[in-house]
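Chemist: You'll find final19.cif just under this line, and it carries mmCIF, C-alpha atoms.
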```
data_upload
loop_
_atom_site.group_PDB
_atom_site.id
_atom_site.type_symbol
_atom_site.label_atom_id
_atom_site.label_comp_id
_atom_site.auth_asym_id
_atom_site.auth_seq_id
_atom_site.Cartn_x
_atom_site.Cartn_y
_atom_site.Cartn_z
ATOM 1 C CA MET A 12 -127.728 -10.300 166.433
ATOM 2 C CA PHE A 13 -126.109 -13.629 167.271
ATOM 3 C CA ASP A 14 -125.692 -13.061 171.001
ATOM 4 C CA HIS A 15 -129.215 -11.704 171.434
ATOM 5 C CA ILE A 16 -130.835 -14.694 169.736
ATOM 6 C CA ALA A 17 -128.706 -17.230 171.621
ATOM 7 C CA GLN A 18 -129.852 -15.745 174.937
ATOM 8 C CA THR A 19 -133.554 -16.159 174.154
ATOM 9 C CA ILE A 20 -133.739 -19.892 173.392
ATOM 10 C CA PRO A 21 -136.853 -21.362 175.087
ATOM 11 C CA TYR A 22 -136.989 -24.638 176.989
ATOM 12 C CA GLN A 23 -139.983 -26.976 177.131
ATOM 13 C CA SER A 24 -140.458 -29.726 179.712
ATOM 14 C CA LEU A 25 -142.221 -32.853 178.507
ATOM 15 C CA ASP A 26 -144.978 -34.270 180.672
ATOM 16 C CA PHE A 27 -143.615 -37.771 180.520
ATOM 17 C CA ALA A 28 -144.885 -40.617 182.703
ATOM 18 C CA GLY A 29 -141.548 -42.328 183.179
ATOM 19 C CA SER A 30 -138.467 -42.607 185.340
ATOM 20 C CA VAL A 31 -136.576 -39.717 183.707
ATOM 21 C CA GLN A 32 -136.990 -35.961 183.319
ATOM 22 C CA LEU A 33 -137.142 -34.703 179.733
ATOM 23 C CA THR A 34 -136.510 -31.114 178.665
ATOM 24 C CA VAL A 35 -136.349 -29.885 175.072
ATOM 25 C CA LYS A 36 -134.119 -26.948 174.197
ATOM 26 C CA ARG A 37 -136.043 -25.412 171.314
ATOM 27 C CA LEU A 38 -133.261 -24.365 168.972
ATOM 28 C CA ASP A 39 -135.878 -24.592 166.224
ATOM 29 C CA LEU A 40 -137.459 -21.397 167.582
ATOM 30 C CA ILE A 41 -134.415 -19.122 167.662
ATOM 31 C CA HIS A 42 -134.840 -17.960 164.064
ATOM 32 C CA PRO A 43 -137.496 -18.714 161.437
ATOM 33 C CA GLN A 44 -134.985 -19.602 158.710
ATOM 34 C CA ILE A 45 -131.517 -20.032 160.250
ATOM 35 C CA SER A 46 -132.932 -22.484 162.725
ATOM 36 C CA GLY A 47 -131.480 -24.858 165.243
ATOM 37 C CA ASN A 48 -127.868 -25.928 165.200
ATOM 38 C CA LYS A 49 -127.304 -24.298 161.789
ATOM 39 C CA PHE A 50 -127.442 -20.880 163.439
ATOM 40 C CA PHE A 51 -124.461 -21.795 165.614
ATOM 41 C CA LYS A 52 -122.603 -23.587 162.819
ATOM 42 C CA LEU A 53 -122.810 -20.596 160.485
ATOM 43 C CA LYS A 54 -122.095 -17.854 163.030
ATOM 44 C CA TYR A 55 -118.302 -17.721 162.880
ATOM 45 C CA ASN A 56 -118.172 -18.716 159.211
ATOM 46 C CA LEU A 57 -120.276 -15.678 158.319
ATOM 47 C CA ILE A 58 -118.075 -13.452 160.455
ATOM 48 C CA GLU A 59 -114.949 -14.873 158.801
ATOM 49 C CA ALA A 60 -116.328 -14.447 155.256
ATOM 50 C CA ARG A 61 -117.209 -10.837 155.963
ATOM 51 C CA GLN A 62 -113.790 -10.100 157.478
ATOM 52 C CA LEU A 63 -112.127 -11.587 154.383
ATOM 53 C CA GLY A 64 -114.209 -9.290 152.177
ATOM 54 C CA LEU A 65 -115.623 -12.111 150.066
ATOM 55 C CA LYS A 66 -118.748 -11.724 147.942
ATOM 56 C CA GLN A 67 -120.436 -15.112 147.980
ATOM 57 C CA MET A 68 -120.677 -18.398 149.852
ATOM 58 C CA LEU A 69 -120.575 -21.916 148.416
ATOM 59 C CA THR A 70 -121.449 -25.109 150.199
ATOM 60 C CA PHE A 71 -122.469 -28.727 149.631
ATOM 61 C CA GLY A 72 -125.505 -30.798 150.546
ATOM 62 C CA GLY A 73 -128.062 -33.411 149.668
ATOM 63 C CA ALA A 74 -131.571 -32.674 148.495
ATOM 64 C CA TYR A 75 -132.915 -32.607 152.066
ATOM 65 C CA SER A 76 -130.028 -30.725 153.651
ATOM 66 C CA ASN A 77 -131.075 -28.325 156.415
ATOM 67 C CA HIS A 78 -127.680 -26.728 155.974
ATOM 68 C CA ILE A 79 -128.395 -25.803 152.350
ATOM 69 C CA ALA A 80 -131.602 -23.949 153.239
ATOM 70 C CA ALA A 81 -130.058 -22.228 156.260
ATOM 71 C CA THR A 82 -126.977 -21.122 154.318
ATOM 72 C CA ALA A 83 -129.146 -19.663 151.551
ATOM 73 C CA TYR A 84 -131.036 -17.510 154.023
ATOM 74 C CA ALA A 85 -127.970 -16.512 156.037
ATOM 75 C CA ALA A 86 -126.122 -15.509 152.887
ATOM 76 C CA GLN A 87 -129.032 -13.363 151.737
ATOM 77 C CA LEU A 88 -129.375 -11.792 155.184
ATOM 78 C CA PHE A 89 -125.692 -10.864 155.365
ATOM 79 C CA GLY A 90 -125.433 -9.634 151.777
ATOM 80 C CA PHE A 91 -123.690 -12.617 150.167
ATOM 81 C CA LYS A 92 -124.621 -14.459 147.018
ATOM 82 C CA SER A 93 -124.853 -18.223 147.531
ATOM 83 C CA ILE A 94 -124.161 -21.399 145.582
ATOM 84 C CA GLY A 95 -125.256 -24.887 146.582
ATOM 85 C CA ILE A 96 -123.504 -27.946 145.147
ATOM 86 C CA ILE A 97 -126.280 -30.557 145.334
ATOM 87 C CA ARG A 98 -125.738 -34.326 145.284
ATOM 88 C CA GLY A 99 -127.600 -36.034 142.420
ATOM 89 C CA GLU A 100 -127.466 -34.662 138.887
ATOM 90 C CA GLU A 101 -130.794 -36.391 138.127
ATOM 91 C CA LEU A 102 -132.529 -33.905 140.447
ATOM 92 C CA ALA A 103 -131.936 -31.096 137.970
ATOM 93 C CA HIS A 104 -134.782 -32.455 135.847
ATOM 94 C CA LYS A 105 -137.258 -33.113 138.661
ATOM 95 C CA PRO A 106 -139.524 -30.788 140.669
ATOM 96 C CA LEU A 107 -137.656 -29.291 143.607
ATOM 97 C CA ASN A 108 -138.558 -30.540 147.076
ATOM 98 C CA PRO A 109 -139.425 -28.017 149.840
ATOM 99 C CA THR A 110 -135.821 -27.715 151.034
ATOM 100 C CA LEU A 111 -134.379 -26.921 147.603
ATOM 101 C CA THR A 112 -137.341 -24.720 146.721
ATOM 102 C CA THR A 113 -136.669 -22.661 149.848
ATOM 103 C CA ALA A 114 -132.981 -22.343 148.992
ATOM 104 C CA GLN A 115 -133.678 -21.286 145.417
ATOM 105 C CA GLN A 116 -136.296 -18.744 146.481
ATOM 106 C CA LEU A 117 -133.677 -17.234 148.787
ATOM 107 C CA GLY A 118 -131.398 -16.681 145.803
ATOM 108 C CA MET A 119 -129.155 -19.709 146.001
ATOM 109 C CA GLN A 120 -127.778 -20.956 142.690
ATOM 110 C CA LEU A 121 -128.270 -24.720 142.705
ATOM 111 C CA VAL A 122 -125.604 -26.760 140.920
ATOM 112 C CA PHE A 123 -126.482 -30.456 140.602
ATOM 113 C CA VAL A 124 -123.585 -32.886 140.279
ATOM 114 C CA SER A 125 -123.325 -36.652 139.986
ATOM 115 C CA ARG A 126 -123.010 -38.703 143.141
ATOM 116 C CA GLU A 127 -119.552 -39.779 141.988
ATOM 117 C CA LYS A 128 -118.464 -36.172 141.601
ATOM 118 C CA TYR A 129 -120.070 -35.220 144.897
ATOM 119 C CA ARG A 130 -117.912 -37.750 146.743
ATOM 120 C CA GLN A 131 -114.952 -35.503 145.865
ATOM 121 C CA LYS A 132 -116.371 -32.696 148.018
ATOM 122 C CA ASN A 133 -113.280 -32.779 150.247
ATOM 123 C CA ASN A 134 -110.819 -33.267 147.404
ATOM 124 C CA HIS A 135 -108.343 -30.379 147.280
ATOM 125 C CA ASP A 136 -108.173 -30.396 143.477
ATOM 126 C CA TRP A 137 -111.942 -29.970 143.138
ATOM 127 C CA ILE A 138 -111.992 -27.294 145.836
ATOM 128 C CA ASP A 139 -109.267 -25.430 143.915
ATOM 129 C CA GLU A 140 -111.308 -25.816 140.724
ATOM 130 C CA LEU A 141 -114.401 -24.404 142.413
ATOM 131 C CA THR A 142 -112.397 -21.521 143.857
ATOM 132 C CA GLN A 143 -111.163 -20.615 140.386
ATOM 133 C CA HIS A 144 -114.627 -20.973 138.852
ATOM 134 C CA TYR A 145 -116.277 -18.947 141.628
ATOM 135 C CA PRO A 146 -113.800 -16.228 142.661
ATOM 136 C CA ASP A 147 -114.265 -14.205 145.862
ATOM 137 C CA THR A 148 -116.123 -17.164 147.367
ATOM 138 C CA TYR A 149 -116.087 -18.532 150.905
ATOM 139 C CA ILE A 150 -116.429 -22.319 150.814
ATOM 140 C CA ILE A 151 -118.146 -24.161 153.663
ATOM 141 C CA PRO A 152 -117.958 -27.981 153.873
ATOM 142 C CA GLU A 153 -120.965 -30.300 153.679
ATOM 143 C CA GLY A 154 -123.262 -29.843 156.640
ATOM 144 C CA GLY A 155 -121.310 -26.757 157.650
ATOM 145 C CA THR A 156 -118.867 -28.794 159.722
ATOM 146 C CA ASN A 157 -115.460 -27.172 160.161
ATOM 147 C CA GLU A 158 -113.460 -25.719 163.062
ATOM 148 C CA LEU A 159 -115.489 -22.496 163.079
ATOM 149 C CA ALA A 160 -118.745 -24.473 163.146
ATOM 150 C CA ILE A 161 -117.537 -26.542 166.079
ATOM 151 C CA GLN A 162 -116.538 -23.343 167.856
ATOM 152 C CA GLY A 163 -120.056 -22.002 167.362
ATOM 153 C CA CYS A 164 -121.739 -25.213 168.522
ATOM 154 C CA GLN A 165 -119.816 -25.100 171.784
ATOM 155 C CA GLU A 166 -121.972 -22.078 172.597
ATOM 156 C CA ILE A 167 -125.236 -24.053 172.407
ATOM 157 C CA LEU A 168 -124.863 -25.197 176.010
ATOM 158 C CA THR A 169 -125.171 -22.624 178.784
ATOM 159 C CA THR A 170 -123.532 -22.864 182.193
ATOM 160 C CA GLU A 171 -126.883 -23.968 183.595
ATOM 161 C CA ASP A 172 -127.132 -26.720 180.964
ATOM 162 C CA LEU A 173 -123.694 -27.971 181.951
ATOM 163 C CA ASN A 174 -124.542 -28.027 185.645
ATOM 164 C CA HIS A 175 -128.122 -29.294 185.534
ATOM 165 C CA TYR A 176 -128.399 -32.161 183.019
ATOM 166 C CA ASP A 177 -127.008 -35.697 183.125
ATOM 167 C CA VAL A 178 -127.517 -36.518 179.442
ATOM 168 C CA ILE A 179 -127.617 -34.275 176.374
ATOM 169 C CA CYS A 180 -129.144 -35.708 173.196
ATOM 170 C CA CYS A 181 -128.850 -34.447 169.631
ATOM 171 C CA ALA A 182 -129.406 -35.599 166.071
ATOM 172 C CA VAL A 183 -126.221 -36.189 164.060
ATOM 173 C CA GLY A 184 -125.612 -35.545 160.370
ATOM 174 C CA THR A 185 -121.969 -34.635 159.769
ATOM 175 C CA GLY A 186 -120.720 -34.531 163.361
ATOM 176 C CA GLY A 187 -120.023 -30.820 163.852
ATOM 177 C CA THR A 188 -122.788 -30.140 166.338
ATOM 178 C CA ILE A 189 -122.132 -33.127 168.569
ATOM 179 C CA THR A 190 -118.401 -32.333 168.561
ATOM 180 C CA GLY A 191 -119.117 -28.844 169.832
ATOM 181 C CA LEU A 192 -121.393 -30.255 172.534
ATOM 182 C CA ILE A 193 -118.758 -32.792 173.573
ATOM 183 C CA ASN A 194 -116.058 -30.126 173.786
ATOM 184 C CA ALA A 195 -118.280 -27.910 175.931
ATOM 185 C CA SER A 196 -119.654 -30.664 178.165
ATOM 186 C CA SER A 197 -118.565 -31.592 181.662
ATOM 187 C CA SER A 198 -116.960 -34.978 182.206
ATOM 188 C CA GLN A 199 -119.977 -36.116 184.259
ATOM 189 C CA GLN A 200 -122.366 -35.680 181.342
ATOM 190 C CA GLU A 201 -123.148 -38.162 178.595
ATOM 191 C CA ILE A 202 -123.513 -36.737 175.089
ATOM 192 C CA LEU A 203 -125.737 -39.060 173.079
ATOM 193 C CA GLY A 204 -126.046 -38.641 169.314
ATOM 194 C CA PHE A 205 -128.677 -40.183 167.052
ATOM 195 C CA SER A 206 -127.331 -40.624 163.542
ATOM 196 C CA ALA A 207 -129.556 -40.005 160.536
ATOM 197 C CA LEU A 208 -127.202 -42.201 158.492
ATOM 198 C CA LYS A 209 -126.363 -45.890 158.559
ATOM 199 C CA GLY A 210 -122.851 -46.930 159.586
ATOM 200 C CA ASP A 211 -120.242 -46.219 162.249
ATOM 201 C CA PHE A 212 -118.171 -43.761 160.204
ATOM 202 C CA LEU A 213 -119.525 -40.778 162.144
ATOM 203 C CA GLN A 214 -118.229 -42.313 165.351
ATOM 204 C CA GLN A 215 -114.815 -42.495 163.708
ATOM 205 C CA ASP A 216 -115.037 -38.942 162.311
ATOM 206 C CA VAL A 217 -115.976 -37.379 165.653
ATOM 207 C CA SER A 218 -113.276 -39.323 167.492
ATOM 208 C CA GLN A 219 -110.760 -37.444 165.313
ATOM 209 C CA LEU A 220 -112.186 -34.095 166.428
ATOM 210 C CA THR A 221 -112.288 -34.489 170.210
ATOM 211 C CA HIS A 222 -110.180 -36.080 172.920
ATOM 212 C CA LYS A 223 -113.125 -36.690 175.274
ATOM 213 C CA SER A 224 -114.804 -40.068 175.744
ATOM 214 C CA ASN A 225 -118.146 -39.132 177.373
ATOM 215 C CA TRP A 226 -120.145 -39.583 174.179
ATOM 216 C CA LYS A 227 -121.732 -42.114 171.871
ATOM 217 C CA ILE A 228 -123.411 -42.047 168.449
ATOM 218 C CA LEU A 229 -126.158 -44.564 167.725
ATOM 219 C CA ASP A 230 -127.312 -45.530 164.236
ATOM 220 C CA ASP A 231 -129.978 -47.927 165.542
ATOM 221 C CA TYR A 232 -132.710 -45.400 164.775
ATOM 222 C CA CYS A 233 -131.774 -44.221 161.268
ATOM 223 C CA PHE A 234 -134.671 -46.249 159.800
ATOM 224 C CA GLY A 235 -132.604 -47.568 156.934
ATOM 225 C CA GLY A 236 -130.470 -44.519 156.209
ATOM 226 C CA TYR A 237 -130.477 -40.846 155.335
ATOM 227 C CA ALA A 238 -133.900 -39.439 154.331
ATOM 228 C CA LYS A 239 -135.460 -42.892 154.620
ATOM 229 C CA THR A 240 -138.555 -43.408 156.720
ATOM 230 C CA THR A 241 -141.218 -45.928 157.654
ATOM 231 C CA VAL A 242 -144.902 -45.936 158.540
ATOM 232 C CA GLU A 243 -143.865 -46.587 162.141
ATOM 233 C CA LEU A 244 -141.706 -43.455 162.265
ATOM 234 C CA VAL A 245 -144.372 -41.262 160.665
ATOM 235 C CA SER A 246 -146.952 -42.585 163.123
ATOM 236 C CA PHE A 247 -144.636 -41.791 166.041
ATOM 237 C CA ILE A 248 -144.059 -38.248 164.773
ATOM 238 C CA ASN A 249 -147.790 -37.619 164.368
ATOM 239 C CA ASN A 250 -148.576 -38.919 167.864
ATOM 240 C CA PHE A 251 -145.681 -36.968 169.402
ATOM 241 C CA GLU A 252 -146.760 -33.707 167.771
ATOM 242 C CA GLN A 253 -150.344 -34.205 168.892
ATOM 243 C CA GLN A 254 -149.297 -34.854 172.492
ATOM 244 C CA TYR A 255 -146.507 -32.295 172.958
ATOM 245 C CA ARG A 256 -147.222 -29.641 170.306
ATOM 246 C CA ILE A 257 -143.608 -29.754 169.137
ATOM 247 C CA PRO A 258 -143.147 -30.097 165.365
ATOM 248 C CA LEU A 259 -140.688 -32.721 164.129
ATOM 249 C CA GLU A 260 -139.413 -33.848 160.738
ATOM 250 C CA GLN A 261 -138.594 -37.319 159.507
ATOM 251 C CA ILE A 262 -134.932 -36.766 158.545
ATOM 252 C CA TYR A 263 -133.351 -35.892 161.899
ATOM 253 C CA THR A 264 -135.469 -34.873 164.887
ATOM 254 C CA GLY A 265 -138.212 -37.469 164.449
ATOM 255 C CA LYS A 266 -135.637 -40.259 164.483
ATOM 256 C CA MET A 267 -133.899 -38.793 167.522
ATOM 257 C CA PHE A 268 -137.075 -38.532 169.612
ATOM 258 C CA TYR A 269 -138.132 -42.028 168.564
ATOM 259 C CA GLY A 270 -134.748 -43.321 169.695
ATOM 260 C CA ILE A 271 -134.888 -41.511 173.039
ATOM 261 C CA PHE A 272 -138.342 -42.869 173.838
ATOM 262 C CA ASP A 273 -137.291 -46.376 172.817
ATOM 263 C CA LEU A 274 -134.185 -46.231 175.018
ATOM 264 C CA ILE A 275 -136.307 -45.070 177.945
ATOM 265 C CA SER A 276 -138.623 -48.044 177.465
ATOM 266 C CA LYS A 277 -135.581 -50.339 177.540
ATOM 267 C CA GLY A 278 -134.194 -48.825 180.755
ATOM 268 C CA TYR A 279 -131.101 -47.320 179.118
ATOM 269 C CA PHE A 280 -131.038 -44.202 181.312
ATOM 270 C CA LYS A 281 -130.520 -44.216 185.059
ATOM 271 C CA GLU A 282 -133.557 -43.518 187.243
ATOM 272 C CA ASN A 283 -134.447 -39.818 187.575
ATOM 273 C CA ALA A 284 -131.875 -38.869 184.935
ATOM 274 C CA LYS A 285 -132.219 -35.289 183.736
ATOM 275 C CA ILE A 286 -132.111 -35.370 179.946
ATOM 276 C CA LEU A 287 -131.736 -32.303 177.722
ATOM 277 C CA ILE A 288 -132.877 -32.854 174.127
ATOM 278 C CA LEU A 289 -131.692 -30.386 171.493
ATOM 279 C CA HIS A 290 -134.304 -29.712 168.823
ATOM 280 C CA SER A 291 -132.099 -28.826 165.853
ATOM 281 C CA GLY A 292 -134.797 -27.424 163.582
ATOM 282 C CA GLY A 293 -134.789 -28.399 159.920
ATOM 283 C CA LEU A 294 -138.565 -28.174 159.754
ATOM 284 C CA GLN A 295 -138.550 -26.996 156.138
ATOM 285 C CA GLY A 296 -137.821 -30.674 155.353
ATOM 286 C CA ARG A 297 -141.126 -31.911 156.750
ATOM 287 C CA SER A 298 -143.120 -34.164 154.450
#
```
Write the structure described by the file as structure tokens, please.
Modeler:
Amino acid sequence: MFDHIAQTIPYQSLDFAGSVQLTVKRLDLIHPQISGNKFFKLKYNLIEARQLGLKQMLTFGGAYSNHIAATAYAAQLFGFKSIGIIRGEELAHKPLNPTLTTAQQLGMQLVFVSREKYRQKNNHDWIDELTQHYPDTYIIPEGGTNELAIQGCQEILTTEDLNHYDVICCAVGTGGTITGLINASSSQQEILGFSALKGDFLQQDVSQLTHKSNWKILDDYCFGGYAKTTVELVSFINNFEQQYRIPLEQIYTGKMFYGIFDLISKGYFKENAKILILHSGGLQGRS
């Protein structure tokens, strides 16, 4: 299943009146539910969970997490039960947004915890507590980022991608996808990440996961932080979709495309640069 889908990812050139060449790798089209980078992040984790003979999967995420929705579907597809530890205990008493509704409909048990508790998501004591409370469970970190996820994301780029493009752009949430791209990339390529979150901590996190230096993460286009948006961003998304017939969402991909177009207007890229843009899906989070 995995290899067949990975070989059929479509590309779409953008008719762009500028000094660069833009191509979108439509990871959003490889699977209707396990879309985009999440497909690659989950691949080896699912294989590992099955080989270990475990019965269910548990992971962490915010209310708009693409990873939560993708994990719910993948778990159902591969015969696992699923549990989502969701940031924000106040959400338990509010109507579910489209992302959480999708996850719940796919059979995921949603467990809402306080933001203070959620910050312990990497704490060994809490992980041990969860393991005891949910036996026979495979635990995946927030956003799906671990060594197996990075291994999977290295497979996003084909040999042709590595030989043909000067710059590869992606949205960044927890850093797993961009780390895989960096590890797979050639030294002549620039890997450019567009953070959905405010702050330089992702730059620091990724620097711990790779020895290469041909990359950069920008937070200039996060529009105030995770899941935050503006009228300007929404207007850009609407105009982009009308012109190119490529759906975007306001959490990740909309911000990335806005940033790319803004950098082009400022002359950031060299003339005639060939830019590959990875559309990482997450369209269930559209508002």
Chemist: Exactly which residues make up the result of the PyMOL selection byres ((chain A and resi 223-227) around 7) on this file, given as a ChimeraX atom specification?
Modeler: /A:193,198,200-204,221-222,228-229
Chemist: Taking all atoms listed in the file into account, name the residue in A:Tyr22, A:Phe280, A:Tyr84, A:Tyr145 that is nearest to Leu40 (chain A).
Modeler: A:Tyr22
Chemist: Could you list, as a count of residues only, every residue matched by the PyMOL selection byres ((chain A and resi 69) around 6) in this structure?
Modeler: 6
Chemist: Mind pulling up the distance from CA of Gln143 (chain A) to CA of Leu57 (chain A)?
Modeler: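 Distance reported for this atom pair: 20.7 Å.
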Chemist: If you measure from CA of Thr113 (chain A) to CA of Ala207 (chain A), what distance in Å do you get, rounded to one decimal?
Modeler: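 For CA of Thr113 (chain A) relative to CA of Ala207 (chain A), the distance reads 21.6 Å.
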Chemist: Between A:Thr34, A:Ser76, A:Thr188, A:Ser218, single out the one closest to Phe50 (chain A), counting only C-alpha atoms.
Modeler: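 Smallest distance to Phe50 (chain A) is found for A:Thr188.
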Chemist: For the interface of region 180-245 of chain A with region 253-274 of chain A (cut-off 8 Å, counting all atoms listed in the file), please tabulate each contacting residue of region 180-245 of chain A alongside its nearest pair of atoms and their separation in Å to one decimal, rows sorted by chain and increasing number, as CSV.
Modeler:
```
residue,atom,partner,partner_atom,distance
A:Cys181,CA,A:Met267,CA,7.0
A:Ala182,CA,A:Met267,CA,5.7
A:Val183,CA,A:Tyr263,CA,7.5
A:Gly184,CA,A:Tyr263,CA,7.9
A:Phe205,CA,A:Met267,CA,5.4
A:Ser206,CA,A:Tyr263,CA,7.8
A:Ala207,CA,A:Tyr263,CA,5.8
A:Asp231,CA,A:Gly270,CA,7.8
A:Tyr232,CA,A:Gly270,CA,5.7
A:Cys233,CA,A:Lys266,CA,6.4
A:Phe234,CA,A:Lys266,CA,7.7
A:Tyr237,CA,A:Ile262,CA,6.8
A:Ala238,CA,A:Ile262,CA,5.1
A:Lys239,CA,A:Ile262,CA,7.3
A:Thr240,CA,A:Gln261,CA,6.7
A:Leu244,CA,A:Lys266,CA,7.2
A:Val245,CA,A:Gln261,CA,7.1
```
Chemist: Could you expand the PyMOL selection byres ((chain A and resi 290) around 6) into the explicit residues it covers here, written as a list in words?
Modeler: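 Checked against the file, the PyMOL selection byres ((chain A and resi 290) around 6) matches Arg37, Leu38, Asp39, Leu289, Ser291 and Gly292 of chain A.
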Chemist: From the list A:Leu294, A:Ile161, A:Ala74, A:Glu140, which residue is nearest Pro43 (chain A) when using all atoms listed in the file?
Modeler: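 Answer, going by the shortest atom-to-atom distance: A:Leu294.
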Chemist: For Thr110 (chain A), find every residue with an atom within 8 Å (counting only C-alpha atoms), except residues of its own chain fewer than 2 positions away, and show them as an MDAnalysis selection string.
Modeler: chainID A and resid 74:77 79:80 107:108 112:114 295:296
Chemist: Using all atoms listed in the file, what residues lie at most 9 Å away from (-138.2, -33.8, 179.5) (file coordinates), given as a list of chain:residue names?
Modeler: A:Gln23, A:Ser24, A:Leu25, A:Asp26, A:Phe27, A:Val31, A:Gln32, A:Leu33, A:Thr34, A:Val35, A:Lys285, A:Ile286, A:Leu287, A:Ile288
Chemist: Between CA of Gly187 (chain A) and CA of Gly278 (chain A), what is the distance in Å, rounded to a tenth?
Modeler: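 For CA of Gly187 (chain A) relative to CA of Gly278 (chain A), the distance reads 28.5 Å.
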Chemist: Show which residues sit within 12 Å of Gln131 (chain A), as a PyMOL selection string. Count all atoms listed in the file, and ignore same-chain residues fewer than 4 positions away.
Modeler: chain A and resi 71+96+98+124-127+135-141+152-153
Chemist: Point out the residue among A:Val242, A:Ile248, A:Ile58, A:Leu111 with the least atom-to-atom distance to Ala160 (chain A), counting all atoms listed in the file.
Modeler: A:Ile58
Chemist: Which residue is closest to Tyr176 (chain A)? Choose from A:Phe91, A:Thr82, A:Ser246, A:Gln199 and count all atoms listed in the file.
Modeler: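 Of all the options, A:Gln199 lies closest to Tyr176 (chain A).
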